[in-house]
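All remarks here apply to the structure that follows.
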Amino acid sequence: MRPRPGSVNADRGGAVHYGTLSLPARLLLLAWNGERKKFTGGPDLHLVIRAGALAELAQRGVIVETDGIVTPVTGARTGDTVLDALAELIEESRPRKWRGWMTHRSGNTLNEVRDQLTAHGYLRLERRRVLGIFPVRHWELERAGYAEALQAEAGMVLRGPRSITEVSESEAALVMCAATGKVRPFVTGKDRRRYKDRLTELTDRGGGASLEVTQQMRALRKALASAITAAETARSSSGGDGGGGD
């Protein structure tokens, strides 16, 4: 039996509901590589996570776009610590466009998502030392069944057979951000080319019935794609492979 929209059956822990975790938290779980037993979301994962947080804030009406500038709704909050930290940062900072908020201190949001998922038992933090000297933090996934089920459901959103009308706004934004941000292993370059039109439809679906939010989703997707391209160009010119991934 096909799972109903918004939930899947995990191999451990029963039903998985999209509403139980924020969009940026689910984006991080999409970066889990079950075969390699590690997160392989790519060097720009921090940009994708920030994009997911911005998308959810827009969908919830906590931020709006005014003349191309991301504008906070003063005092509006979600109750989620990661999302509210970003809402407060936007309130307290100078005005920026979508791409500006995609990159400004975006590593903070990734770290906050990791800490949140660790606190709720989805991740396990391990402290290690590189060369026996330099301390580093490493995260292991505790709920592999949840991540695998989430990836399977998101895959149906991207590749079908789910119709666009069956996809929730949150699911649409999740897949749009993951695909635009090239999150591995969830999406490949072949997927992005093959499902280009589907991704356009999902972007608009992320705005629901609101033309204003739909336009924000389009602008956000464009900003994320631009930020990813700029990061890739910078790495190529420097010969590096750095970034804000795992």
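For the structure tokens, the naming scheme is as follows: chains receive sequential letters (A, B, ...) according to their order of presentation, residues are indexed from 1 within each chain, and ligands are indexed from 1 in presentation order.
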
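Proximity to region 113-128 of chain A at 7 Å, evaluated using only C-alpha atoms and with sequence-adjacent residues fewer than 4 positions away removed, yields Ala25, Val82, Thr109, Pro135, Val136, Arg137, His138, Trp139, Glu140, Leu141, Glu142 and Arg143 of chain A.
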
Exercise. Mind checking DSSP for region 2-217 of chain A and telling me the helix (DSSP H, G or I) residues as a VMD selection string?
Worked result: chain A and resid 18 to 20 23 to 30 45 to 59 81 to 92 98 to 103 106 to 119 144 to 159 164 to 166 169 to 180 189 to 194 196 to 205 211 to 217

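Compared by their closest atoms to Glu153 (chain A), and using only C-alpha atoms, the residues A:Gly61, A:Leu30, A:Tyr195, A:Val213 rank with A:Leu30 nearest.
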
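Here CA of Ala227 (chain A) stands at a distance of 16.8 Å from CA of Arg192 (chain A).
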
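Shortest separation to Glu232 (chain A) among A:Arg194, A:Arg26, A:Lys97, A:Lys182 occurs at residue A:Lys182, atoms counted being only C-alpha atoms.
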
Backbone DSSP call of strand (DSSP E or B) for region 8-243 of chain A, listed as an mmCIF file with N, CA and C atoms, in the first residue's frame:
data_model
loop_
_atom_site.group_PDB
_atom_site.id
_atom_site.type_symbol
_atom_site.label_atom_id
_atom_site.label_comp_id
_atom_site.auth_asym_id
_atom_site.auth_seq_id
_atom_site.Cartn_x
_atom_site.Cartn_y
_atom_site.Cartn_z
ATOM 1 N N VAL A 8 5.726 8.097 5.947
ATOM 2 C CA VAL A 8 6.235 6.847 5.412
ATOM 3 C C VAL A 8 6.413 5.894 6.574
ATOM 4 N N ASN A 9 6.616 4.609 6.274
ATOM 5 C CA ASN A 9 6.853 3.644 7.333
ATOM 6 C C ASN A 9 8.333 3.341 7.426
ATOM 7 N N ALA A 15 5.711 4.950 11.927
ATOM 8 C CA ALA A 15 5.453 5.963 10.905
ATOM 9 C C ALA A 15 6.351 7.173 11.097
ATOM 10 N N VAL A 16 6.752 7.725 10.001
ATOM 11 C CA VAL A 16 7.552 8.943 9.998
ATOM 12 C C VAL A 16 6.711 10.060 9.416
ATOM 13 N N HIS A 17 6.545 11.138 10.144
ATOM 14 C CA HIS A 17 5.700 12.240 9.684
ATOM 15 C C HIS A 17 6.564 13.452 9.378
ATOM 16 N N TRP A 32 22.331 11.811 4.417
ATOM 17 C CA TRP A 32 22.905 10.583 4.971
ATOM 18 C C TRP A 32 23.091 9.545 3.875
ATOM 19 N N ASN A 33 24.288 8.988 3.782
ATOM 20 C CA ASN A 33 24.594 7.945 2.817
ATOM 21 C C ASN A 33 24.604 6.614 3.546
ATOM 22 N N LYS A 38 27.773 7.542 6.405
ATOM 23 C CA LYS A 38 28.249 8.881 6.744
ATOM 24 C C LYS A 38 27.412 9.907 5.997
ATOM 25 N N PHE A 39 27.528 11.162 6.406
ATOM 26 C CA PHE A 39 26.854 12.251 5.712
ATOM 27 C C PHE A 39 27.714 12.668 4.517
ATOM 28 N N ILE A 63 8.896 35.655 7.627
ATOM 29 C CA ILE A 63 9.621 36.610 6.802
ATOM 30 C C ILE A 63 8.846 36.803 5.494
ATOM 31 N N VAL A 64 9.001 37.969 4.903
ATOM 32 C CA VAL A 64 8.383 38.277 3.615
ATOM 33 C C VAL A 64 9.437 38.956 2.751
ATOM 34 N N GLU A 65 9.112 39.132 1.480
ATOM 35 C CA GLU A 65 10.014 39.833 0.567
ATOM 36 C C GLU A 65 9.400 41.171 0.188
ATOM 37 N N THR A 66 10.176 42.230 0.377
ATOM 38 C CA THR A 66 9.725 43.574 0.034
ATOM 39 C C THR A 66 10.758 44.225 -0.865
ATOM 40 N N ILE A 69 14.036 42.554 -0.908
ATOM 41 C CA ILE A 69 14.706 42.443 0.390
ATOM 42 C C ILE A 69 13.905 41.523 1.307
ATOM 43 N N VAL A 70 14.616 40.629 2.000
ATOM 44 C CA VAL A 70 13.963 39.755 2.982
ATOM 45 C C VAL A 70 13.656 40.586 4.221
ATOM 46 N N THR A 71 12.385 40.652 4.564
ATOM 47 C CA THR A 71 11.935 41.505 5.662
ATOM 48 C C THR A 71 11.282 40.662 6.752
ATOM 49 N N PRO A 72 11.699 40.800 8.012
ATOM 50 C CA PRO A 72 11.092 40.016 9.083
ATOM 51 C C PRO A 72 9.753 40.604 9.520
ATOM 52 N N ARG A 96 19.010 42.385 3.828
ATOM 53 C CA ARG A 96 19.719 41.608 2.813
ATOM 54 C C ARG A 96 18.725 40.978 1.857
ATOM 55 N N LEU A 123 20.962 12.130 16.151
ATOM 56 C CA LEU A 123 22.392 12.039 15.919
ATOM 57 C C LEU A 123 23.128 11.746 17.217
ATOM 58 N N ARG A 124 24.334 11.224 17.091
ATOM 59 C CA ARG A 124 25.212 11.018 18.247
ATOM 60 C C ARG A 124 26.522 11.742 17.982
ATOM 61 N N LEU A 125 26.902 12.601 18.903
ATOM 62 C CA LEU A 125 28.128 13.377 18.758
ATOM 63 C C LEU A 125 29.314 12.594 19.296
ATOM 64 N N GLU A 126 30.362 12.531 18.472
ATOM 65 C CA GLU A 126 31.611 11.921 18.898
ATOM 66 C C GLU A 126 32.724 12.958 18.782
ATOM 67 N N ARG A 127 33.523 13.056 19.800
ATOM 68 C CA ARG A 127 34.644 14.001 19.787
ATOM 69 C C ARG A 127 35.934 13.230 19.509
ATOM 70 N N ARG A 128 36.650 13.669 18.487
ATOM 71 C CA ARG A 128 37.872 13.000 18.080
ATOM 72 C C ARG A 128 39.013 14.002 17.988
ATOM 73 N N ARG A 129 40.212 13.463 17.793
ATOM 74 C CA ARG A 129 41.381 14.324 17.590
ATOM 75 C C ARG A 129 42.089 13.910 16.309
ATOM 76 N N VAL A 130 42.324 14.881 15.446
ATOM 77 C CA VAL A 130 43.060 14.644 14.217
ATOM 78 C C VAL A 130 44.547 14.681 14.532
ATOM 79 N N PHE A 134 44.416 17.825 17.201
ATOM 80 C CA PHE A 134 43.374 18.815 16.917
ATOM 81 C C PHE A 134 41.989 18.230 17.188
ATOM 82 N N PRO A 135 41.215 18.832 18.094
ATOM 83 C CA PRO A 135 39.877 18.302 18.402
ATOM 84 C C PRO A 135 38.883 18.591 17.289
ATOM 85 N N VAL A 136 38.096 17.602 16.931
ATOM 86 C CA VAL A 136 37.042 17.766 15.932
ATOM 87 C C VAL A 136 35.775 17.102 16.451
ATOM 88 N N ARG A 137 34.631 17.563 15.924
ATOM 89 C CA ARG A 137 33.345 16.946 16.268
ATOM 90 C C ARG A 137 32.861 16.131 15.078
ATOM 91 N N HIS A 138 32.357 14.930 15.354
ATOM 92 C CA HIS A 138 31.859 14.041 14.318
ATOM 93 C C HIS A 138 30.499 13.518 14.737
ATOM 94 N N TRP A 139 29.560 13.458 13.766
ATOM 95 C CA TRP A 139 28.208 13.022 14.084
ATOM 96 C C TRP A 139 27.898 11.682 13.419
ATOM 97 N N GLU A 140 27.330 10.780 14.192
ATOM 98 C CA GLU A 140 26.833 9.507 13.680
ATOM 99 C C GLU A 140 25.305 9.532 13.723
ATOM 100 N N LEU A 141 24.682 8.902 12.749
ATOM 101 C CA LEU A 141 23.224 8.847 12.701
ATOM 102 C C LEU A 141 22.716 7.733 13.604
#

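Taking CA of Met102 (chain A) and CA of Leu54 (chain A) as the two end points, the separation is 8.1 Å.
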
Can you list, as a PDB file with N, CA and C atoms, in the first residue's frame, every protein, DNA or RNA residue that comes within 10 Å of Gly41 (chain A) when you count only C-alpha atoms, leaving out same-chain residues fewer than 3 positions away?
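The resulting out_4.pdb:
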ATOM      1  N   LEU A  27      16.454  18.234   5.722  1.00  0.00           N
ATOM      2  CA  LEU A  27      17.455  18.356   4.670  1.00  0.00           C
ATOM      3  C   LEU A  27      18.768  17.715   5.093  1.00  0.00           C
ATOM      4  N   LEU A  28      19.140  17.877   6.341  1.00  0.00           N
ATOM      5  CA  LEU A  28      20.368  17.244   6.814  1.00  0.00           C
ATOM      6  C   LEU A  28      20.261  15.725   6.746  1.00  0.00           C
ATOM      7  N   LEU A  29      19.111  15.183   7.118  1.00  0.00           N
ATOM      8  CA  LEU A  29      18.929  13.732   7.076  1.00  0.00           C
ATOM      9  C   LEU A  29      18.937  13.202   5.639  1.00  0.00           C
ATOM     10  N   LEU A  30      18.550  14.017   4.670  1.00  0.00           N
ATOM     11  CA  LEU A  30      18.623  13.597   3.271  1.00  0.00           C
ATOM     12  C   LEU A  30      20.071  13.410   2.814  1.00  0.00           C
ATOM     13  N   ALA A  31      21.012  14.009   3.531  1.00  0.00           N
ATOM     14  CA  ALA A  31      22.423  13.914   3.155  1.00  0.00           C
ATOM     15  C   ALA A  31      23.086  12.657   3.712  1.00  0.00           C
ATOM     16  N   TRP A  32      22.331  11.811   4.417  1.00  0.00           N
ATOM     17  CA  TRP A  32      22.905  10.583   4.971  1.00  0.00           C
ATOM     18  C   TRP A  32      23.091   9.545   3.875  1.00  0.00           C
ATOM     19  N   ASN A  33      24.288   8.988   3.782  1.00  0.00           N
ATOM     20  CA  ASN A  33      24.594   7.945   2.817  1.00  0.00           C
ATOM     21  C   ASN A  33      24.604   6.614   3.546  1.00  0.00           C
ATOM     22  N   LYS A  38      27.773   7.542   6.405  1.00  0.00           N
ATOM     23  CA  LYS A  38      28.249   8.881   6.744  1.00  0.00           C
ATOM     24  C   LYS A  38      27.412   9.907   5.997  1.00  0.00           C
ATOM     25  N   ASP A  44      28.643  22.199   0.103  1.00  0.00           N
ATOM     26  CA  ASP A  44      27.785  23.380   0.243  1.00  0.00           C
ATOM     27  C   ASP A  44      26.522  23.079   1.052  1.00  0.00           C
ATOM     28  N   LEU A  45      26.599  22.066   1.883  1.00  0.00           N
ATOM     29  CA  LEU A  45      25.431  21.669   2.672  1.00  0.00           C
ATOM     30  C   LEU A  45      24.947  22.797   3.565  1.00  0.00           C
ATOM     31  N   HIS A  46      25.864  23.616   4.057  1.00  0.00           N
ATOM     32  CA  HIS A  46      25.461  24.731   4.914  1.00  0.00           C
ATOM     33  C   HIS A  46      24.540  25.704   4.186  1.00  0.00           C
ATOM     34  N   VAL A  48      22.470  24.857   1.717  1.00  0.00           N
ATOM     35  CA  VAL A  48      21.192  24.169   1.540  1.00  0.00           C
ATOM     36  C   VAL A  48      20.374  24.210   2.826  1.00  0.00           C
ATOM     37  N   ALA A 178      16.863  20.505  -1.746  1.00  0.00           N
ATOM     38  CA  ALA A 178      17.832  19.413  -1.841  1.00  0.00           C
ATOM     39  C   ALA A 178      18.358  19.255  -3.266  1.00  0.00           C
ATOM     40  N   GLY A 181      20.376  22.363  -4.332  1.00  0.00           N
ATOM     41  CA  GLY A 181      21.628  22.375  -3.578  1.00  0.00           C
ATOM     42  C   GLY A 181      22.518  21.180  -3.830  1.00  0.00           C
ATOM     43  N   LYS A 182      22.091  20.272  -4.728  1.00  0.00           N
ATOM     44  CA  LYS A 182      22.906  19.111  -5.128  1.00  0.00           C
ATOM     45  C   LYS A 182      23.274  18.227  -3.937  1.00  0.00           C
ATOM     46  N   VAL A 183      22.292  17.957  -3.084  1.00  0.00           N
ATOM     47  CA  VAL A 183      22.542  17.156  -1.899  1.00  0.00           C
ATOM     48  C   VAL A 183      22.767  15.699  -2.293  1.00  0.00           C
ATOM     49  N   ARG A 184      23.936  15.191  -1.998  1.00  0.00           N
ATOM     50  CA  ARG A 184      24.263  13.792  -2.244  1.00  0.00           C
ATOM     51  C   ARG A 184      24.017  12.981  -0.980  1.00  0.00           C
ATOM     52  N   PRO A 185      23.587  11.740  -1.092  1.00  0.00           N
ATOM     53  CA  PRO A 185      23.352  10.947  -2.302  1.00  0.00           C
ATOM     54  C   PRO A 185      21.916  11.049  -2.829  1.00  0.00           C
ATOM     55  N   PHE A 186      21.116  11.948  -2.257  1.00  0.00           N
ATOM     56  CA  PHE A 186      19.703  12.007  -2.610  1.00  0.00           C
ATOM     57  C   PHE A 186      19.468  12.311  -4.083  1.00  0.00           C
ATOM     58  N   VAL A 187      20.250  13.221  -4.632  1.00  0.00           N
ATOM     59  CA  VAL A 187      20.003  13.659  -6.010  1.00  0.00           C
ATOM     60  C   VAL A 187      21.297  13.660  -6.805  1.00  0.00           C
ATOM     61  N   GLY A 244      31.081  23.919   3.697  1.00  0.00           N
ATOM     62  CA  GLY A 244      30.440  23.741   4.981  1.00  0.00           C
ATOM     63  C   GLY A 244      29.724  22.438   5.114  1.00  0.00           C
ATOM     64  N   GLY A 245      30.165  21.394   4.363  1.00  0.00           N
ATOM     65  CA  GLY A 245      29.497  20.095   4.476  1.00  0.00           C
ATOM     66  C   GLY A 245      29.930  19.362   5.707  1.00  0.00           C
ATOM     67  N   ASP A 246      29.791  18.001   5.677  1.00  0.00           N
ATOM     68  CA  ASP A 246      30.066  17.180   6.854  1.00  0.00           C
ATOM     69  C   ASP A 246      31.535  17.260   7.229  1.00  0.00           C
TER      70      ASP A 246
END

Problem set entry | Spatial neighbours of region 198-200 of chain A, 12 Å, only C-alpha atoms, chain gap at least 2 places, as a PyMOL selection string | chain A and resi 156-164+167+171-180+187+191-196+202-207+214-215+217-219+221-222

Problem set entry | Nearest-residue call for Gly79 (chain A), choices A:Leu220, A:Val62, A:Ala234, A:Leu47, using only C-alpha atoms | A:Val62

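Within the 10 Å cut-off around Arg77 (chain A), using only C-alpha atoms and omitting residues fewer than 5 positions from it on the same chain, the listed residues are Leu57, Arg60, Gly61, Val62, Ile63, Leu83, Asp84, Ala85, Leu86, Ala87 and Glu88 of chain A.
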
Let me see the file: selected residues, C-alpha atoms, as a PDB file, in the first residue's frame.
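Now in part-v3.pdb:
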ATOM      1  CA  LEU A  57      10.182  30.912   7.653  1.00  0.00           C
ATOM      2  CA  ARG A  60       5.078  30.302   7.976  1.00  0.00           C
ATOM      3  CA  GLY A  61       4.845  34.025   7.302  1.00  0.00           C
ATOM      4  CA  VAL A  62       7.732  34.910   9.625  1.00  0.00           C
ATOM      5  CA  ILE A  63       9.621  36.610   6.802  1.00  0.00           C
ATOM      6  CA  LEU A  83      14.205  28.663  12.886  1.00  0.00           C
ATOM      7  CA  ASP A  84      13.712  31.242  15.618  1.00  0.00           C
ATOM      8  CA  ALA A  85      17.475  31.842  15.901  1.00  0.00           C
ATOM      9  CA  LEU A  86      17.510  32.746  12.212  1.00  0.00           C
ATOM     10  CA  ALA A  87      14.382  34.905  12.563  1.00  0.00           C
ATOM     11  CA  GLU A  88      16.088  36.839  15.361  1.00  0.00           C
TER      12      GLU A  88
END
